[in-house]
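run-v5.txt, holding compact mmCIF, C-alpha atoms:
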```txt
# COMPACT_ATOMS: atom_id res chain seq x y z
CA MET A 1 0.00 0.00 0.00
CA ARG A 2 2.83 2.37 0.85
CA LEU A 3 4.49 1.58 -2.48
CA ARG A 4 1.28 2.26 -4.40
CA SER A 5 0.78 5.50 -2.48
CA GLU A 6 4.33 6.60 -3.25
CA LEU A 7 3.96 5.69 -6.93
CA GLY A 8 0.72 7.70 -7.04
CA ARG A 9 2.45 10.68 -5.50
CA ILE A 10 5.29 10.41 -8.03
CA ASP A 11 2.76 10.12 -10.84
CA ASP A 12 0.97 13.28 -9.66
CA THR A 13 4.28 15.12 -9.41
CA LEU A 14 5.25 14.08 -12.92
CA ARG A 15 1.86 15.23 -14.25
CA ILE A 16 2.34 18.61 -12.62
CA LEU A 17 5.89 18.81 -13.98
CA VAL A 18 4.75 17.93 -17.52
CA ALA A 19 1.96 20.50 -17.29
CA SER A 20 4.46 23.13 -16.12
CA ILE A 21 6.83 22.30 -18.98
CA ASP A 22 3.96 22.53 -21.48
CA ARG A 23 2.88 25.85 -20.06
CA LEU A 24 6.45 27.17 -20.13
CA GLN A 25 6.84 26.04 -23.73
CA GLY A 26 3.55 27.69 -24.56
CA LEU A 27 4.77 30.90 -22.96
CA LEU A 28 8.03 30.80 -24.93
CA ASP A 29 6.15 30.16 -28.16
CA ALA A 30 3.83 33.04 -27.32
CA VAL A 31 6.71 35.44 -26.72
CA VAL A 32 8.24 34.49 -30.08
CA ALA A 33 4.91 34.94 -31.87
CA ILE A 34 4.31 38.37 -30.34
CA SER A 35 7.83 39.56 -31.13
CA ARG A 36 7.33 38.78 -34.83
CA GLU A 37 4.62 41.40 -35.24
CA VAL A 38 5.72 44.79 -36.57
CA GLU A 39 2.44 46.71 -36.43
CA LEU A 40 1.11 47.94 -33.08
CA PRO A 41 -2.55 46.91 -33.59
CA ALA A 42 -1.41 43.39 -34.53
CA VAL A 43 0.86 43.22 -31.46
CA LEU A 44 -1.92 44.27 -29.10
CA HIS A 45 -4.40 41.79 -30.57
CA ARG A 46 -1.80 39.01 -30.46
CA ILE A 47 -1.13 39.73 -26.77
CA VAL A 48 -4.82 39.29 -25.97
CA THR A 49 -5.35 36.09 -27.92
CA THR A 50 -2.09 34.60 -26.66
CA ALA A 51 -3.03 35.25 -23.03
CA MET A 52 -6.40 33.62 -23.66
CA ASP A 53 -4.74 30.53 -25.10
CA LEU A 54 -2.24 30.23 -22.23
CA VAL A 55 -4.87 30.14 -19.49
CA GLY A 56 -7.80 28.74 -21.46
CA ALA A 57 -9.94 31.88 -21.18
CA ARG A 58 -13.04 32.44 -23.24
CA TYR A 59 -12.81 36.25 -23.21
CA GLY A 60 -9.87 38.60 -23.28
CA ALA A 61 -9.22 42.32 -23.66
CA LEU A 62 -6.44 44.86 -23.45
CA GLY A 63 -7.21 48.41 -22.38
CA VAL A 64 -4.63 51.01 -23.42
CA LEU A 65 -4.48 54.00 -21.09
CA SER A 66 -4.55 57.62 -22.14
CA GLU A 67 -1.47 59.81 -21.61
CA SER A 68 -2.87 60.93 -18.26
CA GLY A 69 -3.24 57.29 -17.22
CA GLU A 70 -6.73 57.96 -15.84
CA ARG A 71 -8.92 56.41 -18.53
CA LEU A 72 -8.94 53.91 -21.36
CA GLU A 73 -8.05 55.25 -24.79
CA GLN A 74 -8.17 51.97 -26.69
CA PHE A 75 -9.87 48.67 -25.95
CA ILE A 76 -8.90 45.56 -27.89
CA SER A 77 -11.20 42.61 -27.19
CA ALA A 78 -11.35 38.99 -28.32
CA GLY A 79 -13.70 36.07 -27.78
CA LEU A 80 -16.96 37.93 -28.34
CA SER A 81 -19.44 36.41 -30.76
CA GLU A 82 -20.65 38.47 -33.68
CA GLN A 83 -23.99 38.94 -31.96
CA GLU A 84 -22.28 40.12 -28.77
CA ARG A 85 -20.20 42.59 -30.78
CA LEU A 86 -23.30 43.98 -32.47
CA GLU A 87 -25.08 44.40 -29.15
CA LEU A 88 -22.09 46.20 -27.64
CA ALA A 89 -21.43 48.40 -30.68
CA GLU A 90 -23.84 51.09 -29.52
CA ILE A 91 -22.34 51.31 -26.03
CA GLY A 92 -18.94 52.41 -27.26
CA LEU A 93 -15.50 52.11 -25.71
CA PRO A 94 -15.35 51.10 -22.03
CA ARG A 95 -14.37 54.09 -19.94
CA GLY A 96 -12.43 52.23 -17.28
CA LEU A 97 -15.05 52.26 -14.53
CA GLY A 98 -15.94 49.48 -12.10
CA VAL A 99 -13.54 46.59 -11.82
CA LEU A 100 -11.64 47.79 -14.93
CA GLY A 101 -11.06 51.09 -13.19
CA HIS A 102 -9.88 49.31 -10.04
CA LEU A 103 -6.95 47.83 -11.95
CA ILE A 104 -6.17 51.29 -13.39
CA ARG A 105 -6.03 52.81 -9.90
CA TYR A 106 -4.30 49.84 -8.28
CA PRO A 107 -2.05 48.20 -10.91
CA GLU A 108 -1.42 44.99 -8.98
CA PRO A 109 -2.42 41.56 -10.34
CA LEU A 110 -6.12 41.02 -9.72
CA ARG A 111 -7.95 37.68 -9.46
CA ILE A 112 -11.69 37.69 -8.85
CA GLU A 113 -13.93 34.63 -8.48
CA GLU A 114 -17.17 36.64 -8.60
CA ILE A 115 -17.07 40.00 -10.37
CA ARG A 116 -20.43 41.21 -9.12
CA ALA A 117 -19.35 40.65 -5.52
CA HIS A 118 -16.27 42.85 -5.87
CA PRO A 119 -16.57 46.24 -4.09
CA SER A 120 -15.68 48.13 -7.29
CA SER A 121 -18.21 46.32 -9.47
CA VAL A 122 -20.90 48.50 -11.08
CA GLY A 123 -22.57 45.73 -13.07
CA PHE A 124 -22.59 45.12 -16.80
CA PRO A 125 -24.07 47.36 -19.50
CA PRO A 126 -26.98 46.08 -21.62
CA GLY A 127 -25.88 43.46 -24.13
CA HIS A 128 -22.64 42.68 -22.30
CA PRO A 129 -21.95 39.02 -21.48
CA HIS A 130 -22.48 38.37 -17.75
CA LEU A 131 -18.99 37.39 -16.67
CA ARG A 132 -18.14 35.78 -13.36
CA THR A 133 -14.37 35.45 -13.08
CA LEU A 134 -11.60 37.88 -13.90
CA LEU A 135 -7.82 37.91 -14.08
CA GLY A 136 -6.25 41.32 -14.60
CA VAL A 137 -2.58 42.23 -15.01
CA ALA A 138 -1.06 45.63 -15.78
CA ILE A 139 1.45 46.05 -18.61
CA SER A 140 4.27 48.50 -17.88
CA VAL A 141 6.47 49.99 -20.60
CA ARG A 142 9.57 51.88 -19.49
CA GLY A 143 8.29 52.10 -15.93
CA GLU A 144 4.90 53.54 -16.89
CA ILE A 145 1.58 51.69 -17.02
CA TYR A 146 0.78 51.26 -20.70
CA GLY A 147 -2.46 49.33 -20.27
CA ASP A 148 -4.22 46.46 -18.55
CA LEU A 149 -4.74 42.90 -19.73
CA TYR A 150 -8.09 41.39 -18.75
CA LEU A 151 -9.11 37.72 -18.99
CA SER A 152 -12.42 36.16 -18.04
CA GLU A 153 -14.17 32.79 -17.88
CA ARG A 154 -11.94 29.75 -18.14
CA HIS A 155 -13.33 27.15 -20.52
CA ASP A 156 -13.35 24.55 -17.76
CA GLY A 157 -15.55 26.77 -15.58
CA ARG A 158 -13.00 27.03 -12.77
CA PRO A 159 -11.71 30.35 -11.41
CA PHE A 160 -8.25 31.54 -12.36
CA ASP A 161 -5.51 30.25 -10.06
CA VAL A 162 -2.07 31.40 -9.04
CA HIS A 163 -0.46 29.49 -11.92
CA ASP A 164 -2.64 31.42 -14.40
CA GLU A 165 -1.65 34.65 -12.69
CA ASN A 166 2.07 33.85 -12.87
CA VAL A 167 2.02 32.93 -16.55
CA VAL A 168 0.05 36.07 -17.48
CA ILE A 169 2.45 38.24 -15.45
CA ALA A 170 5.33 36.69 -17.38
CA LEU A 171 3.50 37.28 -20.66
CA ALA A 172 2.84 40.91 -19.69
CA SER A 173 6.58 41.46 -19.21
CA ALA A 174 7.33 40.07 -22.66
CA ALA A 175 4.42 42.03 -24.11
CA ALA A 176 5.86 45.26 -22.74
CA ILE A 177 9.12 44.61 -24.60
CA ALA A 178 7.23 43.81 -27.80
CA ILE A 179 5.17 46.99 -27.51
CA GLU A 180 8.27 49.11 -26.97
CA ASN A 181 10.04 47.44 -29.89
CA VAL A 182 7.18 48.04 -32.29
CA ARG A 183 6.87 51.67 -31.17
CA LEU A 184 10.60 52.12 -31.81
CA PHE A 185 10.16 50.34 -35.14
CA GLU A 186 7.41 52.78 -36.09
CA ARG A 187 9.51 55.81 -35.12
CA VAL A 188 12.42 54.55 -37.20
CA ARG A 189 10.14 53.83 -40.14
CA VAL A 190 8.54 57.27 -40.02
CA GLY A 191 11.94 58.93 -39.70
CA ALA A 192 13.34 56.98 -42.64
CA GLU A 193 10.34 57.84 -44.78
CA GLN A 194 10.59 61.53 -43.91
CA PHE A 195 14.30 61.53 -44.71
CA GLN A 196 13.68 59.84 -48.04
CA ARG A 197 10.92 62.29 -48.96
CA LEU A 198 13.12 65.25 -48.10
CA LEU A 199 15.60 64.04 -50.71
CA LEU A 200 12.93 63.91 -53.42
CA PRO A 201 12.01 67.07 -55.33
CA SER A 202 8.62 68.68 -55.56
CA LEU A 203 7.49 68.53 -59.16
CA PRO A 204 7.50 71.97 -60.78
CA ASP A 205 4.85 73.23 -63.17
CA LEU A 206 5.55 71.68 -66.56
CA PRO A 207 3.27 73.46 -69.04
CA PRO A 208 1.85 72.37 -71.37
CA PHE A 209 2.18 68.96 -69.71
CA THR A 210 0.59 67.69 -66.52
CA ALA A 211 2.62 65.51 -64.18
CA ALA A 212 2.28 63.69 -60.86
CA ALA A 213 4.58 61.54 -58.77
CA ILE A 214 4.36 59.34 -55.71
CA TYR A 215 6.85 57.61 -53.47
CA ARG A 216 6.15 54.63 -51.20
CA PRO A 217 8.81 53.47 -48.71
CA ALA A 218 9.75 49.86 -48.16
CA ALA A 219 7.89 47.90 -45.49
CA GLU A 220 11.04 47.46 -43.39
CA PRO A 221 12.28 50.63 -41.67
CA SER A 222 15.89 49.67 -42.32
CA GLN A 223 15.21 49.51 -46.05
CA LEU A 224 15.98 53.14 -46.76
CA GLY A 225 15.87 53.27 -50.52
CA GLY A 226 17.72 54.88 -53.37
CA ASP A 227 14.66 55.41 -55.60
CA TRP A 228 14.19 58.88 -57.03
CA TYR A 229 12.42 60.81 -59.75
CA ASP A 230 12.80 64.27 -61.22
CA ALA A 231 11.27 66.47 -63.89
CA ILE A 232 12.96 69.60 -65.21
CA PRO A 233 11.43 72.19 -67.57
CA LEU A 234 13.94 73.26 -70.21
CA SER A 235 13.78 75.92 -72.90
CA ASP A 236 11.50 75.74 -75.98
CA ASN A 237 8.74 73.70 -74.26
CA VAL A 238 11.13 70.81 -73.65
CA VAL A 239 10.84 68.73 -70.48
CA ALA A 240 13.44 66.32 -69.11
CA VAL A 241 12.14 63.43 -66.99
CA VAL A 242 14.22 60.92 -65.04
CA ILE A 243 13.55 57.93 -62.83
CA GLY A 244 16.30 56.02 -61.06
CA ASP A 245 17.21 53.46 -58.43
CA VAL A 246 20.53 53.20 -56.61
CA VAL A 247 21.44 49.64 -55.63
CA GLY A 248 21.22 49.10 -51.87
CA HIS A 249 18.90 49.93 -49.01
CA ASP A 250 20.76 52.09 -46.55
CA LEU A 251 21.96 55.63 -45.91
CA ARG A 252 24.72 55.23 -48.46
CA ALA A 253 22.15 54.44 -51.16
CA ALA A 254 20.07 57.47 -50.18
CA ALA A 255 23.12 59.75 -50.21
CA ALA A 256 24.24 58.35 -53.57
CA MET A 257 20.78 58.98 -54.94
CA ALA A 258 20.95 62.64 -53.90
CA SER A 259 24.40 63.22 -55.42
CA THR A 260 23.47 61.44 -58.66
CA ARG A 261 20.29 63.46 -59.04
CA ASN A 262 22.09 66.75 -58.48
CA MET A 263 24.84 65.92 -60.99
CA LEU A 264 22.26 64.94 -63.57
CA ARG A 265 20.38 68.20 -63.09
CA ALA A 266 23.56 70.17 -63.71
CA LEU A 267 24.29 68.22 -66.90
CA LEU A 268 20.76 68.73 -68.21
CA PHE A 269 20.90 72.47 -67.70
CA ASP A 270 24.35 72.69 -69.22
CA GLN A 271 23.40 71.90 -72.80
CA SER A 272 20.75 70.27 -74.96
CA ILE A 273 22.16 66.89 -75.93
CA ALA A 274 20.65 63.45 -76.41
CA PRO A 275 19.69 61.48 -73.27
CA GLY A 276 22.26 58.76 -74.05
CA ALA A 277 25.08 61.30 -74.18
CA VAL A 278 23.92 62.88 -70.91
CA LEU A 279 23.95 59.48 -69.18
CA SER A 280 27.43 58.77 -70.55
CA ARG A 281 28.75 62.03 -69.12
CA LEU A 282 26.98 61.35 -65.83
CA ASP A 283 28.53 57.89 -65.67
CA ARG A 284 32.03 59.25 -66.21
CA ALA A 285 31.54 62.01 -63.63
CA LEU A 286 30.28 59.53 -61.03
CA GLU A 287 33.25 57.26 -61.67
CA ALA A 288 35.73 60.12 -61.36
CA ILE A 289 34.52 61.85 -58.21
CA THR A 290 32.34 59.40 -56.25
CA ASN A 291 32.24 55.81 -55.10
CA ASN A 292 28.51 55.55 -55.62
CA PRO A 293 26.93 52.11 -55.99
CA VAL A 294 25.56 50.81 -59.26
CA THR A 295 22.50 52.77 -60.39
CA THR A 296 19.75 52.09 -62.91
CA THR A 297 17.95 54.98 -64.55
CA THR A 298 15.86 56.13 -67.49
CA LEU A 299 16.30 59.66 -68.86
CA ALA A 300 13.86 61.16 -71.36
CA ARG A 301 13.46 64.42 -73.28
CA ILE A 302 9.99 65.35 -74.50
CA GLU A 303 9.83 68.11 -77.09
CA PRO A 304 7.20 69.41 -79.54
CA GLU A 305 7.05 68.07 -83.08
CA GLY A 306 4.09 69.45 -85.03
CA PRO A 307 0.81 68.52 -83.31
CA ASP A 308 2.53 65.64 -81.50
CA TRP A 309 5.43 65.27 -79.12
CA ARG A 310 8.77 63.62 -79.69
CA PHE A 311 9.81 61.28 -76.89
CA ASN A 312 13.57 60.65 -76.81
CA TRP A 313 14.96 58.38 -74.13
CA SER A 314 17.87 56.27 -73.02
CA THR A 315 17.84 53.51 -70.42
CA ALA A 316 20.68 52.48 -68.12
CA GLY A 317 19.57 49.02 -67.04
CA HIS A 318 16.19 50.30 -65.82
CA VAL A 319 12.68 48.92 -66.31
CA PRO A 320 11.03 50.33 -69.47
CA PRO A 321 8.58 53.25 -69.40
CA LEU A 322 4.90 52.50 -69.90
CA LEU A 323 2.85 54.36 -72.53
CA ILE A 324 -0.94 54.63 -72.29
CA THR A 325 -2.77 56.22 -75.19
CA ARG A 326 -6.17 57.92 -75.07
CA ASP A 327 -7.88 54.71 -76.25
CA HIS A 328 -6.62 52.93 -73.08
CA ARG A 329 -3.97 50.90 -74.87
CA ALA A 330 -0.98 50.23 -72.65
CA ARG A 331 2.40 49.21 -74.04
CA PHE A 332 5.89 49.17 -72.63
CA LEU A 333 8.54 51.06 -74.55
CA LEU A 334 10.86 48.11 -74.92
CA ALA A 335 14.18 49.02 -76.51
CA GLU A 336 17.84 48.11 -76.27
CA PRO A 337 18.94 49.04 -72.73
CA GLY A 338 22.36 50.32 -71.86
CA LEU A 339 24.38 49.12 -68.88
CA PRO A 340 23.58 50.52 -65.43
CA LEU A 341 25.63 53.46 -64.27
CA GLY A 342 28.82 52.42 -62.51
CA VAL A 343 29.51 49.29 -64.59
CA ASP A 344 31.50 50.29 -67.71
CA THR A 345 31.82 53.91 -68.81
CA GLU A 346 33.28 52.92 -72.20
CA GLN A 347 30.17 51.17 -73.46
CA PRO A 348 27.91 53.23 -75.79
CA ARG A 349 24.48 54.26 -74.58
CA PRO A 350 21.75 53.81 -77.20
CA ASP A 351 19.11 56.47 -77.74
CA HIS A 352 15.52 55.73 -78.74
CA SER A 353 12.74 57.89 -80.10
CA ARG A 354 9.02 57.77 -80.88
CA LEU A 355 6.10 60.12 -81.32
CA LEU A 356 3.62 60.64 -78.50
CA PRO A 357 0.06 61.40 -79.60
CA PRO A 358 -2.03 64.06 -77.82
CA GLY A 359 -3.45 62.97 -74.48
CA ALA A 360 -0.88 60.18 -74.02
CA THR A 361 0.44 59.25 -70.58
CA VAL A 362 3.98 58.04 -69.99
CA VAL A 363 4.67 56.26 -66.71
CA PHE A 364 8.18 56.04 -65.26
CA PHE A 365 8.60 53.70 -62.29
CA THR A 366 11.13 51.73 -60.26
CA ASP A 367 11.23 47.96 -59.94
CA GLY A 368 9.71 48.04 -56.45
CA LEU A 369 6.38 48.52 -58.21
CA ILE A 370 6.52 45.15 -59.97
CA GLU A 371 9.00 42.83 -58.19
CA HIS A 372 7.40 39.72 -56.71
CA PRO A 373 9.31 36.51 -55.92
CA GLY A 374 6.34 34.40 -56.94
CA HIS A 375 5.78 36.01 -60.33
CA ALA A 376 7.85 36.28 -63.48
CA ILE A 377 8.81 39.82 -64.46
CA ASP A 378 6.75 39.61 -67.67
CA GLU A 379 3.70 38.61 -65.65
CA SER A 380 4.13 41.56 -63.30
CA LEU A 381 4.63 43.97 -66.20
CA GLY A 382 1.46 42.68 -67.82
CA ALA A 383 -0.47 43.14 -64.58
CA LEU A 384 0.83 46.70 -64.24
CA GLY A 385 -0.22 47.46 -67.83
CA ASP A 386 -3.74 46.23 -67.08
CA ILE A 387 -3.96 48.35 -63.93
CA ALA A 388 -2.73 51.44 -65.80
CA ALA A 389 -5.20 50.94 -68.66
CA LYS A 390 -8.07 50.49 -66.21
CA HIS A 391 -7.35 53.81 -64.44
CA ALA A 392 -6.16 55.78 -67.47
CA ASP A 393 -9.04 58.28 -67.33
CA LEU A 394 -8.21 59.43 -63.81
CA PRO A 395 -6.48 62.76 -63.19
CA LEU A 396 -2.76 62.11 -62.80
CA PRO A 397 -2.58 62.45 -58.98
CA GLU A 398 -5.33 59.84 -58.60
CA PHE A 399 -3.79 57.75 -61.39
CA VAL A 400 -0.37 57.37 -59.71
CA GLN A 401 -2.17 56.74 -56.42
CA ALA A 402 -4.10 53.88 -58.03
CA LEU A 403 -0.89 52.34 -59.38
CA ALA A 404 0.73 52.54 -55.95
CA ASP A 405 -2.33 51.06 -54.24
CA HIS A 406 -2.89 48.16 -56.66
CA HIS A 407 0.70 47.35 -57.63
CA PRO A 408 1.57 43.72 -58.49
CA SER A 409 4.71 43.59 -56.32
CA ASP A 410 5.07 42.05 -52.85
CA GLY A 411 5.80 45.48 -51.34
CA HIS A 412 9.20 44.54 -49.92
CA ASP A 413 10.99 47.33 -51.78
CA ASP A 414 10.38 51.05 -51.97
CA MET A 415 8.76 52.34 -55.13
CA ALA A 416 8.68 55.60 -57.07
CA ILE A 417 6.26 56.52 -59.85
CA LEU A 418 6.22 59.58 -62.09
CA ALA A 419 3.56 60.02 -64.76
CA LEU A 420 3.51 62.74 -67.42
CA ARG A 421 0.59 63.44 -69.76
CA THR A 422 0.79 65.30 -73.08
CA PRO A 423 -1.84 67.95 -73.88
CA GLY A 424 -5.11 66.69 -75.32
CA PRO A 425 -6.12 67.26 -78.94
```
Take the structure in the file and write it out as structure tokens.
Amino acid sequence: MRLRSELGRIDDTLRILVASIDRLQGLLDAVVAISREVELPAVLHRIVTTAMDLVGARYGALGVLSESGERLEQFISAGLSEQERLELAEIGLPRGLGVLGHLIRYPEPLRIEEIRAHPSSVGFPPGHPHLRTLLGVAISVRGEIYGDLYLSERHDGRPFDVHDENVVIALASAAAIAIENVRLFERVRVGAEQFQRLLLPSLPDLPPFTAAAIYRPAAEPSQLGGDWYDAIPLSDNVVAVVIGDVVGHDLRAAAAMASTRNMLRALLFDQSIAPGAVLSRLDRALEAITNNPVTTTTLARIEPEGPDWRFNWSTAGHVPPLLITRDHRARFLLAEPGLPLGVDTEQPRPDHSRLLPPGATVVFFTDGLIEHPGHAIDESLGALGDIAAKHADLPLPEFVQALADHHPSDGHDDMAILALRTPGP
């Protein structure tokens, strides 16, 4: 009998140990999952659902405090049925009263077996599920209370225990780090985007043409790009247009983009020569006085020729421009490309020319608009042509916006688009 009793005790101990290991592994997996999120709303929602899974709770919520720390500014909930959400939609955001407010005022872990019996309870609003149990834990970020994590109603019907409390406290600590990381991530991303935009020019008036441009940064904040565009009005109703992309995604690429753009502007103002000759001079100048990375670009000159417009261009390893005519036909101006800048300054740079009819739109873009690891480049170009033809009647600002919104790429790279439209008939 003593042996059986001892074996039973060992068996119970092993069960508890296995359960603890499973819970610890679940906590570690949860921390990894939360840390993978890079958007704050996704992080907050993942914290709630992860806490629910760890303790087997039916309902969960995270209340984010206002700057004063006296009320709830956001409330992320999970576990509600669609009907419950509809019934609560008219009530609005919880204000942090009752038991929720108790945790705001006293940010210590809170376990309640009967919510309505708690001194701070003020009942439930109409349509709210009648909850019985509660586990609340504050989340602190950099020593300040960021918000409160609330869990209610274990699936097994039992109240929350000390083990539930400990695992949620541990999760709250990891959640605080994830929240701080994603906030830092967002600040870096915004700063990188602002820096990139400061390097890009504002398009001048280009009569008789209309023009619009848009820039979208890469999804990763560290992916500071070297994409740029420019449009320069020259004498005799001539306009020079350029789009380019410096290889790399860092500050060096952004700085190289700025120096390349400025050199090109100086060469364009210096004299009226063919785009291929301008790119050759630019390539030699970059080789002589910089150590800039390899750069792809397309340079075009658009000048009047009778009732139409002559489009002269040269490409240095860049994706071809897209032409959309007034009848919504989209075609890429495929022609012999030259080498990218920074490869071989001795190689000739071919020039190309064609007439643009009235009301035609030429789209210059970088490869971030079309690159997708799951699609061939021809497939992505075809998809972009279809999108452009579909939105061809839009004013140019809305047109470039539509291309940026519906692009066929995977969005991993930054993208620049410049569209120029010739006068109508």
Selected residue of minimal separation from Ala416 (chain A) among A:Trp309, A:Phe185, A:Trp228, A:Phe269, counting all atoms listed in the file: A:Trp228
Straight-line distance linking CA of Leu135 (chain A) with CA of Ser152 (chain A), stated in Å to one decimal: 6.3 Å
Proximity to Ser140 (chain A) - best of A:Pro397, A:Gly69, A:Pro126, A:Gly8, only C-alpha atoms: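 Using only C-alpha atoms, the shortest distance to Ser140 (chain A) belongs to A:Gly69.
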Contact residues around region 235-250 of chain A with all atoms listed in the file at 6 Å, ignoring same-chain residues under 5 positions, as a PyMOL selection string: chain A and resi 223-230+294-303
Please write the residues from the selection above to a file, keeping C-alpha atoms, as a PDB file, keeping the file's coordinate frame.
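again02.pdb, freshly written:
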```pdb
ATOM      1  CA  GLN A 223      15.210  49.510 -46.050  1.00  0.00           C
ATOM      2  CA  LEU A 224      15.980  53.140 -46.760  1.00  0.00           C
ATOM      3  CA  GLY A 225      15.870  53.270 -50.520  1.00  0.00           C
ATOM      4  CA  GLY A 226      17.720  54.880 -53.370  1.00  0.00           C
ATOM      5  CA  ASP A 227      14.660  55.410 -55.600  1.00  0.00           C
ATOM      6  CA  TRP A 228      14.190  58.880 -57.030  1.00  0.00           C
ATOM      7  CA  TYR A 229      12.420  60.810 -59.750  1.00  0.00           C
ATOM      8  CA  ASP A 230      12.800  64.270 -61.220  1.00  0.00           C
ATOM      9  CA  VAL A 294      25.560  50.810 -59.260  1.00  0.00           C
ATOM     10  CA  THR A 295      22.500  52.770 -60.390  1.00  0.00           C
ATOM     11  CA  THR A 296      19.750  52.090 -62.910  1.00  0.00           C
ATOM     12  CA  THR A 297      17.950  54.980 -64.550  1.00  0.00           C
ATOM     13  CA  THR A 298      15.860  56.130 -67.490  1.00  0.00           C
ATOM     14  CA  LEU A 299      16.300  59.660 -68.860  1.00  0.00           C
ATOM     15  CA  ALA A 300      13.860  61.160 -71.360  1.00  0.00           C
ATOM     16  CA  ARG A 301      13.460  64.420 -73.280  1.00  0.00           C
ATOM     17  CA  ILE A 302       9.990  65.350 -74.500  1.00  0.00           C
ATOM     18  CA  GLU A 303       9.830  68.110 -77.090  1.00  0.00           C
TER      19      GLU A 303
END
```
Could you put an axis-aligned box around every listed atom of region 331-347 of chain A, padded by 4 Å on each side, and send me its centre and edge lengths in Å to one decimal, as AutoDock Vina command-line options?
```
--center_x 17.8 --center_y 51.0 --center_z -69.5 --size_x 38.9 --size_y 13.8 --size_z 22.0
```
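Distances from A:Ile273, A:Ala402, A:Leu100, A:Ala89 to Ala61 (chain A) were compared using only C-alpha atoms, and the smallest one belongs to A:Leu100.
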Between CA of Arg261 (chain A) and CA of Pro207 (chain A), distance in Å (one decimal): 22.1 Å
Pro337 (chain A): which residues within 8 Å, counting all atoms listed in the file, same-chain residues fewer than 5 positions away excluded, as a PDB file with C-alpha atoms, in the coordinates of the input?
```
ATOM      1  CA  SER A 314      17.870  56.270 -73.020  1.00  0.00           C
ATOM      2  CA  THR A 315      17.840  53.510 -70.420  1.00  0.00           C
ATOM      3  CA  ALA A 316      20.680  52.480 -68.120  1.00  0.00           C
ATOM      4  CA  GLY A 317      19.570  49.020 -67.040  1.00  0.00           C
ATOM      5  CA  HIS A 318      16.190  50.300 -65.820  1.00  0.00           C
ATOM      6  CA  ARG A 349      24.480  54.260 -74.580  1.00  0.00           C
ATOM      7  CA  PRO A 350      21.750  53.810 -77.200  1.00  0.00           C
TER       8      PRO A 350
END
```
Distance query 9 Å from (5.6, 57.6, -81.1) using all atoms listed in the file, result as a list of chain:residue names: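 I get A:Asp308, A:Trp309, A:Arg310, A:Phe311, A:Ser353, A:Arg354, A:Leu355, A:Leu356, A:Pro357 for the residues within 9 Å of that point.
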Shell of 12 Å around Gly60 (chain A), all atoms listed in the file, local chain residues under 4 positions omitted, as an NGL selection string: :A and (44-56 or 75-80 or 131 or 133-137 or 148-154 or 168)
Using only C-alpha atoms, please write the residues we just selected to a file, as a tab-separated table (two decimals), in the coordinates of the input.
```
chain	number	residue	atom	x	y	z
A	44	LEU	CA	-1.92	44.27	-29.10
A	45	HIS	CA	-4.40	41.79	-30.57
A	46	ARG	CA	-1.80	39.01	-30.46
A	47	ILE	CA	-1.13	39.73	-26.77
A	48	VAL	CA	-4.82	39.29	-25.97
A	49	THR	CA	-5.35	36.09	-27.92
A	50	THR	CA	-2.09	34.60	-26.66
A	51	ALA	CA	-3.03	35.25	-23.03
A	52	MET	CA	-6.40	33.62	-23.66
A	53	ASP	CA	-4.74	30.53	-25.10
A	54	LEU	CA	-2.24	30.23	-22.23
A	55	VAL	CA	-4.87	30.14	-19.49
A	56	GLY	CA	-7.80	28.74	-21.46
A	75	PHE	CA	-9.87	48.67	-25.95
A	76	ILE	CA	-8.90	45.56	-27.89
A	77	SER	CA	-11.20	42.61	-27.19
A	78	ALA	CA	-11.35	38.99	-28.32
A	79	GLY	CA	-13.70	36.07	-27.78
A	80	LEU	CA	-16.96	37.93	-28.34
A	131	LEU	CA	-18.99	37.39	-16.67
A	133	THR	CA	-14.37	35.45	-13.08
A	134	LEU	CA	-11.60	37.88	-13.90
A	135	LEU	CA	-7.82	37.91	-14.08
A	136	GLY	CA	-6.25	41.32	-14.60
A	137	VAL	CA	-2.58	42.23	-15.01
A	148	ASP	CA	-4.22	46.46	-18.55
A	149	LEU	CA	-4.74	42.90	-19.73
A	150	TYR	CA	-8.09	41.39	-18.75
A	151	LEU	CA	-9.11	37.72	-18.99
A	152	SER	CA	-12.42	36.16	-18.04
A	153	GLU	CA	-14.17	32.79	-17.88
A	154	ARG	CA	-11.94	29.75	-18.14
A	168	VAL	CA	0.05	36.07	-17.48
```
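When the distance limit is 12 Å and all atoms listed in the file are what count, the residues near Leu396 (chain A), minus those fewer than 5 positions from it on the same chain, are Phe209, Thr210, Ala211, Ala212, Ala213, Ile214, Gly359, Ala360, Thr361, Val362, Val363, Ala388, His391, Gln401, Ala402, Leu403, Ile417, Leu418, Ala419, Leu420, Arg421 and Thr422 of chain A.
The gap separating CA of Ala383 (chain A) from CA of Gly368 (chain A) is 13.9 Å, in Å to one decimal.
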Which of A:Gly98, A:Pro348, A:Pro119, A:Gly385 sits closest to Val278 (chain A) [using all atoms listed in the file]: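 Of A:Gly98, A:Pro348, A:Pro119, A:Gly385, the one nearest Val278 (chain A) is A:Pro348, counting all atoms listed in the file.
For the residues A:Ala285, A:Ile145, A:Ala138, A:Leu323, ranking by smallest atom-to-atom distance to Leu341 (chain A) using only C-alpha atoms places A:Ala285 first.
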